[in-house]
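input30.cif (mmCIF, C-alpha atoms) appears below.
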data_protein
#
loop_
_atom_site.group_PDB
_atom_site.id
_atom_site.type_symbol
_atom_site.label_atom_id
_atom_site.label_comp_id
_atom_site.auth_asym_id
_atom_site.auth_seq_id
_atom_site.Cartn_x
_atom_site.Cartn_y
_atom_site.Cartn_z
ATOM 1 C CA MET A 19 68.015 91.260 99.086
ATOM 2 C CA GLY A 20 64.680 90.986 97.318
ATOM 3 C CA GLU A 21 65.014 93.759 94.778
ATOM 4 C CA ASP A 22 68.751 93.225 94.520
ATOM 5 C CA LYS A 23 68.555 90.698 91.642
ATOM 6 C CA GLU A 24 68.491 87.763 94.047
ATOM 7 C CA LYS A 25 71.910 88.093 95.605
ATOM 8 C CA SER A 26 72.986 84.993 97.439
ATOM 9 C CA ARG A 27 74.404 85.051 100.965
ATOM 10 C CA THR A 28 76.993 82.359 101.529
ATOM 11 C CA VAL A 29 78.905 81.694 104.729
ATOM 12 C CA VAL A 30 82.428 80.486 104.001
ATOM 13 C CA THR A 31 85.413 79.681 106.198
ATOM 14 C CA ILE A 32 88.788 81.080 105.201
ATOM 15 C CA ASN A 33 91.823 80.692 107.448
ATOM 16 C CA ASN A 34 89.527 79.494 110.266
ATOM 17 C CA GLN A 35 87.444 82.653 110.108
ATOM 18 C CA GLN A 36 83.863 82.845 108.902
ATOM 19 C CA TYR A 37 82.805 85.343 106.242
ATOM 20 C CA THR A 38 79.349 86.009 104.863
ATOM 21 C CA ILE A 39 79.739 86.707 101.171
ATOM 22 C CA VAL A 40 76.904 88.520 99.409
ATOM 23 C CA SER A 41 77.086 87.902 95.686
ATOM 24 C CA LYS A 42 75.120 87.851 92.449
ATOM 25 C CA GLU A 43 76.718 84.456 91.873
ATOM 26 C CA GLY A 44 75.183 81.393 93.466
ATOM 27 C CA SER A 45 76.564 79.697 96.561
ATOM 28 C CA ASP A 46 78.365 77.041 94.517
ATOM 29 C CA TYR A 47 80.407 79.693 92.808
ATOM 30 C CA VAL A 48 81.168 81.522 96.052
ATOM 31 C CA ASN A 49 82.230 78.262 97.711
ATOM 32 C CA LYS A 50 84.567 77.525 94.800
ATOM 33 C CA VAL A 51 86.194 80.948 95.140
ATOM 34 C CA ALA A 52 86.499 80.597 98.926
ATOM 35 C CA GLU A 53 88.156 77.211 98.462
ATOM 36 C CA LEU A 54 90.677 78.723 96.062
ATOM 37 C CA VAL A 55 91.497 81.517 98.523
ATOM 38 C CA ASN A 56 91.629 79.185 101.516
ATOM 39 C CA ASN A 57 93.943 76.717 99.747
ATOM 40 C CA LYS A 58 96.292 79.429 98.526
ATOM 41 C CA MET A 59 96.356 80.985 101.999
ATOM 42 C CA ARG A 60 97.159 77.652 103.642
ATOM 43 C CA GLU A 61 99.935 77.054 101.110
ATOM 44 C CA LEU A 62 101.494 80.450 101.899
ATOM 45 C CA LYS A 63 101.080 79.899 105.634
ATOM 46 C CA GLU A 64 103.064 76.674 105.405
ATOM 47 C CA LEU A 65 105.853 78.512 103.618
ATOM 48 C CA ASN A 66 105.715 81.494 106.032
ATOM 49 C CA PRO A 67 104.384 80.200 109.362
ATOM 50 C CA TYR A 68 105.231 83.374 111.295
ATOM 51 C CA LEU A 69 103.447 85.832 109.017
ATOM 52 C CA ASP A 70 100.533 87.649 110.666
ATOM 53 C CA SER A 71 97.049 87.104 109.248
ATOM 54 C CA THR A 72 96.806 90.454 107.476
ATOM 55 C CA LYS A 73 100.109 90.034 105.647
ATOM 56 C CA LEU A 74 99.211 86.452 104.834
ATOM 57 C CA ALA A 75 95.887 87.562 103.365
ATOM 58 C CA VAL A 76 97.516 90.384 101.367
ATOM 59 C CA LEU A 77 100.112 87.973 99.960
ATOM 60 C CA THR A 78 97.296 85.573 99.099
ATOM 61 C CA ALA A 79 95.606 88.376 97.162
ATOM 62 C CA VAL A 80 98.919 89.170 95.439
ATOM 63 C CA ASN A 81 99.387 85.520 94.447
ATOM 64 C CA ILE A 82 95.898 85.156 93.049
ATOM 65 C CA GLY A 83 96.224 88.581 91.408
ATOM 66 C CA SER A 84 99.384 87.389 89.701
ATOM 67 C CA GLU A 85 97.629 84.321 88.294
ATOM 68 C CA TYR A 86 94.738 86.546 87.218
ATOM 69 C CA ILE A 87 97.016 88.883 85.254
ATOM 70 C CA HIS A 88 98.808 85.921 83.648
ATOM 71 C CA LEU A 89 95.480 84.542 82.529
ATOM 72 C CA LEU A 90 94.395 87.948 81.262
ATOM 73 C CA SER A 91 97.496 88.258 79.056
ATOM 74 C CA GLN A 92 96.951 84.709 77.803
ATOM 75 C CA LEU A 93 93.385 85.590 76.846
ATOM 76 C CA GLU A 94 94.515 88.807 75.137
ATOM 77 C CA ASP A 95 97.187 86.905 73.190
ATOM 78 C CA GLU A 96 94.611 84.408 71.987
ATOM 79 C CA LYS A 97 92.336 87.242 70.865
ATOM 80 C CA LYS A 98 95.247 88.795 68.982
ATOM 81 C CA ASP A 99 95.875 85.473 67.221
ATOM 82 C CA GLU A 100 92.300 85.459 66.003
ATOM 83 C CA ASP A 101 92.676 88.831 64.248
ATOM 84 C CA MET B 5 118.898 84.499 94.858
ATOM 85 C CA GLY B 6 121.777 83.847 92.472
ATOM 86 C CA GLU B 7 121.060 80.255 91.562
ATOM 87 C CA ASP B 8 117.337 80.818 91.846
ATOM 88 C CA LYS B 9 116.830 81.798 88.170
ATOM 89 C CA GLU B 10 117.299 85.492 88.937
ATOM 90 C CA LYS B 11 114.318 86.128 91.148
ATOM 91 C CA SER B 12 113.485 89.787 91.484
ATOM 92 C CA ARG B 13 112.854 91.484 94.826
ATOM 93 C CA THR B 14 110.305 94.260 94.589
ATOM 94 C CA VAL B 15 109.090 96.457 97.430
ATOM 95 C CA VAL B 16 105.436 97.375 97.000
ATOM 96 C CA THR B 17 102.966 99.297 99.148
ATOM 97 C CA ILE B 18 99.539 97.770 99.695
ATOM 98 C CA ASN B 19 97.048 99.352 102.091
ATOM 99 C CA ASN B 20 99.824 101.619 103.436
ATOM 100 C CA GLN B 21 101.986 98.636 104.334
ATOM 101 C CA GLN B 22 105.243 97.715 102.608
ATOM 102 C CA TYR B 23 105.838 94.198 101.282
ATOM 103 C CA THR B 24 108.936 92.760 99.680
ATOM 104 C CA ILE B 25 107.803 90.430 96.934
ATOM 105 C CA VAL B 26 110.278 87.841 95.679
ATOM 106 C CA SER B 27 109.258 86.632 92.252
ATOM 107 C CA LYS B 28 110.476 85.056 89.033
ATOM 108 C CA GLU B 29 108.588 87.844 87.267
ATOM 109 C CA GLY B 30 110.264 91.217 86.857
ATOM 110 C CA SER B 31 109.501 94.240 89.002
ATOM 111 C CA ASP B 32 107.162 95.728 86.388
ATOM 112 C CA TYR B 33 104.927 92.692 86.628
ATOM 113 C CA VAL B 34 104.998 92.649 90.428
ATOM 114 C CA ASN B 35 104.151 96.370 90.539
ATOM 115 C CA LYS B 36 101.198 95.762 88.208
ATOM 116 C CA VAL B 37 99.878 93.004 90.469
ATOM 117 C CA ALA B 38 100.382 95.118 93.604
ATOM 118 C CA GLU B 39 98.478 97.971 91.965
ATOM 119 C CA LEU B 40 95.586 95.638 91.186
ATOM 120 C CA VAL B 41 95.467 94.398 94.785
ATOM 121 C CA ASN B 42 95.862 97.866 96.263
ATOM 122 C CA ASN B 43 93.097 99.341 94.093
ATOM 123 C CA LYS B 44 90.683 96.513 94.846
ATOM 124 C CA MET B 45 91.446 96.768 98.553
ATOM 125 C CA ARG B 46 90.830 100.536 98.564
ATOM 126 C CA GLU B 47 87.556 100.007 96.711
ATOM 127 C CA LEU B 48 86.401 97.484 99.328
ATOM 128 C CA LYS B 49 87.584 99.708 102.177
ATOM 129 C CA GLU B 50 85.432 102.559 100.877
ATOM 130 C CA LEU B 51 82.439 100.237 100.829
ATOM 131 C CA ASN B 52 83.235 98.751 104.266
ATOM 132 C CA PRO B 53 85.185 101.384 106.222
ATOM 133 C CA TYR B 54 84.941 99.548 109.541
ATOM 134 C CA LEU B 55 86.328 96.219 108.380
ATOM 135 C CA ASP B 56 89.639 95.241 110.015
ATOM 136 C CA SER B 57 92.702 94.850 107.779
ATOM 137 C CA THR B 58 92.736 91.056 107.796
ATOM 138 C CA LYS B 59 89.102 90.754 106.757
ATOM 139 C CA LEU B 60 89.593 93.474 104.185
ATOM 140 C CA ALA B 61 92.575 91.606 102.721
ATOM 141 C CA VAL B 62 90.714 88.274 102.704
ATOM 142 C CA LEU B 63 87.739 89.875 100.922
ATOM 143 C CA THR B 64 90.165 91.422 98.442
ATOM 144 C CA ALA B 65 91.554 87.952 97.748
ATOM 145 C CA VAL B 66 87.990 86.621 97.366
ATOM 146 C CA ASN B 67 87.113 89.385 94.898
ATOM 147 C CA ILE B 68 90.190 88.855 92.773
ATOM 148 C CA GLY B 69 89.704 85.085 93.049
ATOM 149 C CA SER B 70 86.188 85.506 91.721
ATOM 150 C CA GLU B 71 87.435 87.441 88.692
ATOM 151 C CA TYR B 72 90.126 84.809 88.199
ATOM 152 C CA ILE B 73 87.619 81.953 88.121
ATOM 153 C CA HIS B 74 85.361 83.927 85.747
ATOM 154 C CA LEU B 75 88.282 84.401 83.406
ATOM 155 C CA LEU B 76 89.251 80.750 83.693
ATOM 156 C CA SER B 77 85.770 79.604 82.643
ATOM 157 C CA GLN B 78 85.832 82.093 79.782
ATOM 158 C CA LEU B 79 89.143 80.667 78.590
ATOM 159 C CA GLU B 80 87.854 77.101 78.893
ATOM 160 C CA ASP B 81 84.715 78.012 76.927
ATOM 161 C CA GLU B 82 86.826 79.493 74.153
ATOM 162 C CA LYS B 83 88.950 76.343 74.032
ATOM 163 C CA LYS B 84 85.792 74.242 73.800
ATOM 164 C CA ASP B 85 84.602 76.359 70.858
ATOM 165 C CA GLU B 86 87.830 75.609 69.014
ATOM 166 C CA ASP B 87 87.304 71.832 69.207
#

Target format C-alpha coordinates, applied to this file:
Amino acid sequence: MGEDKEKSRTVVTINNQQYTIVSKEGSDYVNKVAELVNNKMRELKELNPYLDSTKLAVLTAVNIGSEYIHLLSQLEDEKKDED
Amino acid sequence: MGEDKEKSRTVVTINNQQYTIVSKEGSDYVNKVAELVNNKMRELKELNPYLDSTKLAVLTAVNIGSEYIHLLSQLEDEKKDED
(Lines of atoms letter the chains of each structure in order from A and count residues from 1; the text may use other names and numbers.)
(Lines give C-alpha, C1' and ligand atoms only; values in the text may rest on other atoms or scores of the structure.)
Protein backbone atom coordinates (compact mmCIF):
# COMPACT_ATOMS: atom_id res chain seq x y z
CA MET A 1 0.00 0.00 0.00
CA GLY A 2 1.04 3.64 0.02
CA GLU A 3 3.58 3.65 -2.78
CA ASP A 4 1.70 0.93 -4.64
CA LYS A 5 -0.47 3.34 -6.68
CA GLU A 6 -3.25 3.23 -4.10
CA LYS A 7 -4.27 -0.39 -4.35
CA SER A 8 -7.61 -1.09 -2.77
CA ARG A 9 -8.20 -3.95 -0.34
CA THR A 10 -11.67 -5.40 -0.62
CA VAL A 11 -13.11 -8.25 1.41
CA VAL A 12 -15.51 -10.34 -0.66
CA THR A 13 -17.44 -13.53 0.02
CA ILE A 14 -17.36 -16.26 -2.61
CA ASN A 15 -18.93 -19.66 -1.97
CA ASN A 16 -19.28 -18.75 1.73
CA GLN A 17 -15.57 -18.07 2.07
CA GLN A 18 -14.02 -14.66 2.62
CA TYR A 19 -11.22 -13.38 0.40
CA THR A 20 -9.27 -10.15 0.67
CA ILE A 21 -8.65 -8.92 -2.85
CA VAL A 22 -5.85 -6.40 -3.37
CA SER A 23 -6.37 -4.55 -6.62
CA LYS A 24 -5.58 -1.39 -8.55
CA GLU A 25 -9.31 -1.24 -9.27
CA GLY A 26 -11.63 0.27 -6.71
CA SER A 27 -13.82 -1.75 -4.37
CA ASP A 28 -16.89 -1.32 -6.58
CA TYR A 29 -15.13 -3.05 -9.42
CA VAL A 30 -13.82 -5.85 -7.20
CA ASN A 31 -17.29 -6.40 -5.74
CA LYS A 32 -18.75 -6.63 -9.25
CA VAL A 33 -16.19 -9.28 -10.21
CA ALA A 34 -16.75 -11.22 -6.98
CA GLU A 35 -20.49 -11.19 -7.63
CA LEU A 36 -19.95 -12.58 -11.12
CA VAL A 37 -17.74 -15.38 -9.76
CA ASN A 38 -20.05 -16.13 -6.85
CA ASN A 39 -23.14 -16.31 -9.08
CA LYS A 40 -21.46 -18.54 -11.64
CA MET A 41 -20.15 -20.80 -8.86
CA ARG A 42 -23.60 -21.10 -7.28
CA GLU A 43 -25.10 -21.92 -10.68
CA LEU A 44 -22.56 -24.72 -11.22
CA LYS A 45 -23.04 -25.99 -7.67
CA GLU A 46 -26.76 -26.39 -8.29
CA LEU A 47 -26.03 -28.41 -11.41
CA ASN A 48 -23.29 -30.47 -9.69
CA PRO A 49 -24.11 -30.56 -5.97
CA TYR A 50 -21.54 -33.25 -5.14
CA LEU A 51 -18.52 -31.55 -6.69
CA ASP A 52 -15.81 -30.61 -4.19
CA SER A 53 -14.98 -26.93 -3.76
CA THR A 54 -11.72 -27.02 -5.71
CA LYS A 55 -13.27 -28.67 -8.76
CA LEU A 56 -16.24 -26.33 -8.51
CA ALA A 57 -13.92 -23.31 -8.45
CA VAL A 58 -11.84 -24.63 -11.37
CA LEU A 59 -15.00 -25.23 -13.43
CA THR A 60 -16.15 -21.72 -12.53
CA ALA A 61 -12.86 -20.38 -13.88
CA VAL A 62 -13.29 -22.50 -17.02
CA ASN A 63 -16.82 -21.16 -17.55
CA ILE A 64 -15.82 -17.54 -17.12
CA GLY A 65 -12.71 -18.18 -19.23
CA SER A 66 -14.93 -19.51 -21.99
CA GLU A 67 -17.08 -16.37 -21.96
CA TYR A 68 -13.90 -14.27 -21.91
CA ILE A 69 -12.51 -15.96 -25.03
CA HIS A 70 -15.88 -15.63 -26.81
CA LEU A 71 -15.88 -11.93 -26.06
CA LEU A 72 -12.28 -11.61 -27.19
CA SER A 73 -13.07 -13.16 -30.59
CA GLN A 74 -16.12 -10.91 -30.89
CA LEU A 75 -13.94 -7.86 -30.23
CA GLU A 76 -11.32 -9.05 -32.74
CA ASP A 77 -14.01 -9.62 -35.38
CA GLU A 78 -15.33 -6.11 -34.87
CA LYS A 79 -11.82 -4.70 -35.25
CA LYS A 80 -11.40 -6.68 -38.46
CA ASP A 81 -14.66 -5.21 -39.79
CA GLU A 82 -13.30 -1.73 -39.22
CA ASP A 83 -10.25 -2.33 -41.44
CA MET B 1 -25.03 -36.77 -25.97
CA GLY B 2 -26.62 -37.72 -29.28
CA GLU B 3 -29.66 -35.48 -29.20
CA ASP B 4 -27.76 -32.80 -27.33
CA LYS B 5 -26.54 -30.96 -30.47
CA GLU B 6 -23.32 -32.97 -30.57
CA LYS B 7 -21.69 -31.84 -27.37
CA SER B 8 -18.00 -32.57 -27.25
CA ARG B 9 -16.30 -34.25 -24.29
CA THR B 10 -12.77 -33.02 -23.75
CA VAL B 11 -10.38 -34.16 -21.04
CA VAL B 12 -8.15 -31.31 -19.88
CA THR B 13 -5.52 -31.00 -17.16
CA ILE B 14 -5.69 -27.98 -14.88
CA ASN B 15 -3.37 -27.66 -11.89
CA ASN B 16 -2.34 -31.32 -12.32
CA GLN B 17 -5.95 -32.48 -12.07
CA GLN B 18 -7.95 -33.97 -14.93
CA TYR B 19 -11.39 -32.61 -15.84
CA THR B 20 -13.82 -33.85 -18.44
CA ILE B 21 -15.47 -30.82 -19.97
CA VAL B 22 -18.75 -31.34 -21.81
CA SER B 23 -19.38 -28.45 -24.16
CA LYS B 24 -21.19 -27.35 -27.30
CA GLU B 25 -17.84 -25.93 -28.41
CA GLY B 26 -15.32 -28.23 -30.04
CA SER B 27 -12.31 -29.68 -28.28
CA ASP B 28 -9.97 -27.04 -29.72
CA TYR B 29 -11.96 -24.31 -28.03
CA VAL B 30 -12.16 -26.18 -24.72
CA ASN B 31 -8.39 -26.82 -24.80
CA LYS B 32 -7.78 -23.11 -25.40
CA VAL B 33 -9.93 -22.19 -22.40
CA ALA B 34 -8.26 -24.82 -20.20
CA GLU B 35 -4.85 -23.47 -21.20
CA LEU B 36 -5.91 -19.96 -20.21
CA VAL B 37 -7.14 -21.18 -16.81
CA ASN B 38 -4.12 -23.39 -16.22
CA ASN B 39 -1.65 -20.61 -17.08
CA LYS B 40 -3.40 -18.06 -14.89
CA MET B 41 -3.57 -20.55 -12.03
CA ARG B 42 0.15 -21.34 -12.31
CA GLU B 43 0.94 -17.62 -12.35
CA LEU B 44 -1.06 -17.09 -9.15
CA LYS B 45 0.47 -20.17 -7.53
CA GLU B 46 3.96 -18.78 -8.12
CA LEU B 47 2.92 -15.55 -6.44
CA ASN B 48 1.13 -17.34 -3.57
CA PRO B 49 2.78 -20.75 -3.15
CA TYR B 50 1.06 -21.53 0.15
CA LEU B 51 -2.51 -20.95 -0.99
CA ASP B 52 -4.70 -24.08 -0.93
CA SER B 53 -6.12 -25.35 -4.23
CA THR B 54 -9.66 -24.09 -3.65
CA LYS B 55 -8.56 -20.55 -2.86
CA LEU B 56 -6.13 -20.64 -5.75
CA ALA B 57 -8.92 -21.71 -8.11
CA VAL B 58 -11.32 -19.06 -6.77
CA LEU B 59 -8.67 -16.34 -7.21
CA THR B 60 -8.05 -17.64 -10.73
CA ALA B 61 -11.77 -17.25 -11.44
CA VAL B 62 -11.66 -13.73 -9.95
CA ASN B 63 -8.69 -12.77 -12.13
CA ILE B 64 -10.26 -14.06 -15.32
CA GLY B 65 -13.58 -12.51 -14.28
CA SER B 66 -11.84 -9.18 -13.90
CA GLU B 67 -10.41 -9.39 -17.41
CA TYR B 68 -13.83 -10.43 -18.68
CA ILE B 69 -15.55 -7.39 -17.17
CA HIS B 70 -12.80 -5.10 -18.51
CA LEU B 71 -13.37 -6.49 -21.97
CA LEU B 72 -17.13 -6.17 -21.61
CA SER B 73 -16.86 -2.46 -20.76
CA GLN B 74 -14.48 -1.98 -23.67
CA LEU B 75 -16.99 -3.60 -26.02
CA GLU B 76 -19.83 -1.49 -24.62
CA ASP B 77 -17.76 1.68 -25.05
CA GLU B 78 -17.08 0.81 -28.67
CA LYS B 79 -20.78 0.22 -29.27
CA LYS B 80 -21.55 3.60 -27.70
CA ASP B 81 -19.05 5.25 -30.06
CA GLU B 82 -20.88 3.79 -33.04
CA ASP B 83 -24.20 5.41 -32.05

>> Expand the PyMOL selection byres ((chain B) within 7 of (chain A)) into the explicit residue set it covers here, and present it as a ChimeraX atom specification.
In response: /B:37-38,41,57-58,61-62,64-66,68-70,72,79

Given the selection you just returned, output its residues as a file containing C-alpha atoms, formatted as a PDB file, keeping the file's coordinate frame.
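Below you can see selection30.pdb, which holds the result:
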ATOM      1  CA  VAL B  37      99.878  93.004  90.469  1.00  0.00           C
ATOM      2  CA  ALA B  38     100.382  95.118  93.604  1.00  0.00           C
ATOM      3  CA  VAL B  41      95.467  94.398  94.785  1.00  0.00           C
ATOM      4  CA  SER B  57      92.702  94.850 107.779  1.00  0.00           C
ATOM      5  CA  THR B  58      92.736  91.056 107.796  1.00  0.00           C
ATOM      6  CA  ALA B  61      92.575  91.606 102.721  1.00  0.00           C
ATOM      7  CA  VAL B  62      90.714  88.274 102.704  1.00  0.00           C
ATOM      8  CA  THR B  64      90.165  91.422  98.442  1.00  0.00           C
ATOM      9  CA  ALA B  65      91.554  87.952  97.748  1.00  0.00           C
ATOM     10  CA  VAL B  66      87.990  86.621  97.366  1.00  0.00           C
ATOM     11  CA  ILE B  68      90.190  88.855  92.773  1.00  0.00           C
ATOM     12  CA  GLY B  69      89.704  85.085  93.049  1.00  0.00           C
ATOM     13  CA  SER B  70      86.188  85.506  91.721  1.00  0.00           C
ATOM     14  CA  TYR B  72      90.126  84.809  88.199  1.00  0.00           C
ATOM     15  CA  LEU B  79      89.143  80.667  78.590  1.00  0.00           C
TER      16      LEU B  79
END

With chain B held fixed, move chain A onto it by a least-squares fit of all C-alpha atoms in order and give the output as a short mmCIF file (atom, residue, chain, number, x, y, z; two decimals) with C-alpha atoms, in the coordinates of the input.
data_model
loop_
_atom_site.label_atom_id
_atom_site.label_comp_id
_atom_site.auth_asym_id
_atom_site.auth_seq_id
_atom_site.Cartn_x
_atom_site.Cartn_y
_atom_site.Cartn_z
CA MET A 19 119.00 84.75 94.77
CA GLY A 20 121.85 83.96 92.41
CA GLU A 21 121.12 80.34 91.62
CA ASP A 22 117.40 80.90 91.96
CA LYS A 23 116.83 81.76 88.26
CA GLU A 24 117.25 85.47 88.92
CA LYS A 25 114.28 86.11 91.15
CA SER A 26 113.46 89.76 91.48
CA ARG A 27 112.85 91.46 94.83
CA THR A 28 110.31 94.24 94.60
CA VAL A 29 109.10 96.44 97.43
CA VAL A 30 105.45 97.36 97.01
CA THR A 31 102.97 99.28 99.15
CA ILE A 32 99.54 97.77 99.69
CA ASN A 33 97.05 99.34 102.08
CA ASN A 34 99.84 101.60 103.43
CA GLN A 35 102.00 98.63 104.33
CA GLN A 36 105.24 97.68 102.62
CA TYR A 37 105.83 94.17 101.30
CA THR A 38 108.93 92.74 99.68
CA ILE A 39 107.79 90.40 96.94
CA VAL A 40 110.26 87.81 95.68
CA SER A 41 109.24 86.61 92.25
CA LYS A 42 110.45 85.02 89.03
CA GLU A 43 108.59 87.82 87.28
CA GLY A 44 110.26 91.18 86.86
CA SER A 45 109.50 94.21 89.01
CA ASP A 46 107.16 95.69 86.40
CA TYR A 47 104.94 92.66 86.63
CA VAL A 48 105.00 92.63 90.43
CA ASN A 49 104.15 96.34 90.54
CA LYS A 50 101.20 95.75 88.21
CA VAL A 51 99.87 92.99 90.47
CA ALA A 52 100.38 95.10 93.60
CA GLU A 53 98.48 97.96 91.97
CA LEU A 54 95.59 95.64 91.18
CA VAL A 55 95.47 94.39 94.78
CA ASN A 56 95.87 97.86 96.26
CA ASN A 57 93.10 99.33 94.09
CA LYS A 58 90.69 96.50 94.83
CA MET A 59 91.46 96.77 98.55
CA ARG A 60 90.86 100.53 98.55
CA GLU A 61 87.57 100.02 96.71
CA LEU A 62 86.41 97.49 99.32
CA LYS A 63 87.59 99.71 102.17
CA GLU A 64 85.44 102.56 100.88
CA LEU A 65 82.43 100.25 100.82
CA ASN A 66 83.25 98.76 104.26
CA PRO A 67 85.20 101.40 106.21
CA TYR A 68 84.97 99.56 109.54
CA LEU A 69 86.34 96.22 108.37
CA ASP A 70 89.64 95.24 110.01
CA SER A 71 92.69 94.85 107.78
CA THR A 72 92.73 91.05 107.80
CA LYS A 73 89.09 90.75 106.75
CA LEU A 74 89.59 93.46 104.17
CA ALA A 75 92.57 91.61 102.72
CA VAL A 76 90.70 88.27 102.70
CA LEU A 77 87.73 89.88 100.92
CA THR A 78 90.16 91.42 98.44
CA ALA A 79 91.54 87.95 97.75
CA VAL A 80 87.98 86.62 97.37
CA ASN A 81 87.11 89.39 94.90
CA ILE A 82 90.19 88.85 92.77
CA GLY A 83 89.70 85.08 93.06
CA SER A 84 86.18 85.51 91.72
CA GLU A 85 87.42 87.44 88.69
CA TYR A 86 90.12 84.81 88.20
CA ILE A 87 87.60 81.96 88.12
CA HIS A 88 85.35 83.91 85.73
CA LEU A 89 88.27 84.41 83.41
CA LEU A 90 89.24 80.75 83.70
CA SER A 91 85.75 79.61 82.63
CA GLN A 92 85.82 82.11 79.77
CA LEU A 93 89.13 80.68 78.59
CA GLU A 94 87.83 77.11 78.90
CA ASP A 95 84.70 78.02 76.91
CA GLU A 96 86.82 79.50 74.15
CA LYS A 97 88.94 76.35 74.03
CA LYS A 98 85.78 74.26 73.79
CA ASP A 99 84.61 76.38 70.85
CA GLU A 100 87.83 75.62 69.03
CA ASP A 101 87.26 71.84 69.20
#

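When atom CA of B:Lys84 is paired with atom CA of A:Glu100, their separation reads 15.1 Å.
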
> atom CA of B:Glu50 to atom CA of A:Glu61: how many Å, to one decimal?
Replying inline: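 That distance, rounded to one decimal, is 29.3 Å.
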
> So how many Å separate atom CA of A:Leu62 and atom CA of B:Val26, to one decimal?
Replying inline: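 Calculated distance between atom CA of A:Leu62 and atom CA of B:Val26 is 13.1 Å.
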
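Those residues that approach A:Thr38 to within 7 Å, counting only C-alpha atoms, are Arg27, Thr28, Val29 and Val30 of chain A; same-chain residues fewer than 5 positions away are not listed.
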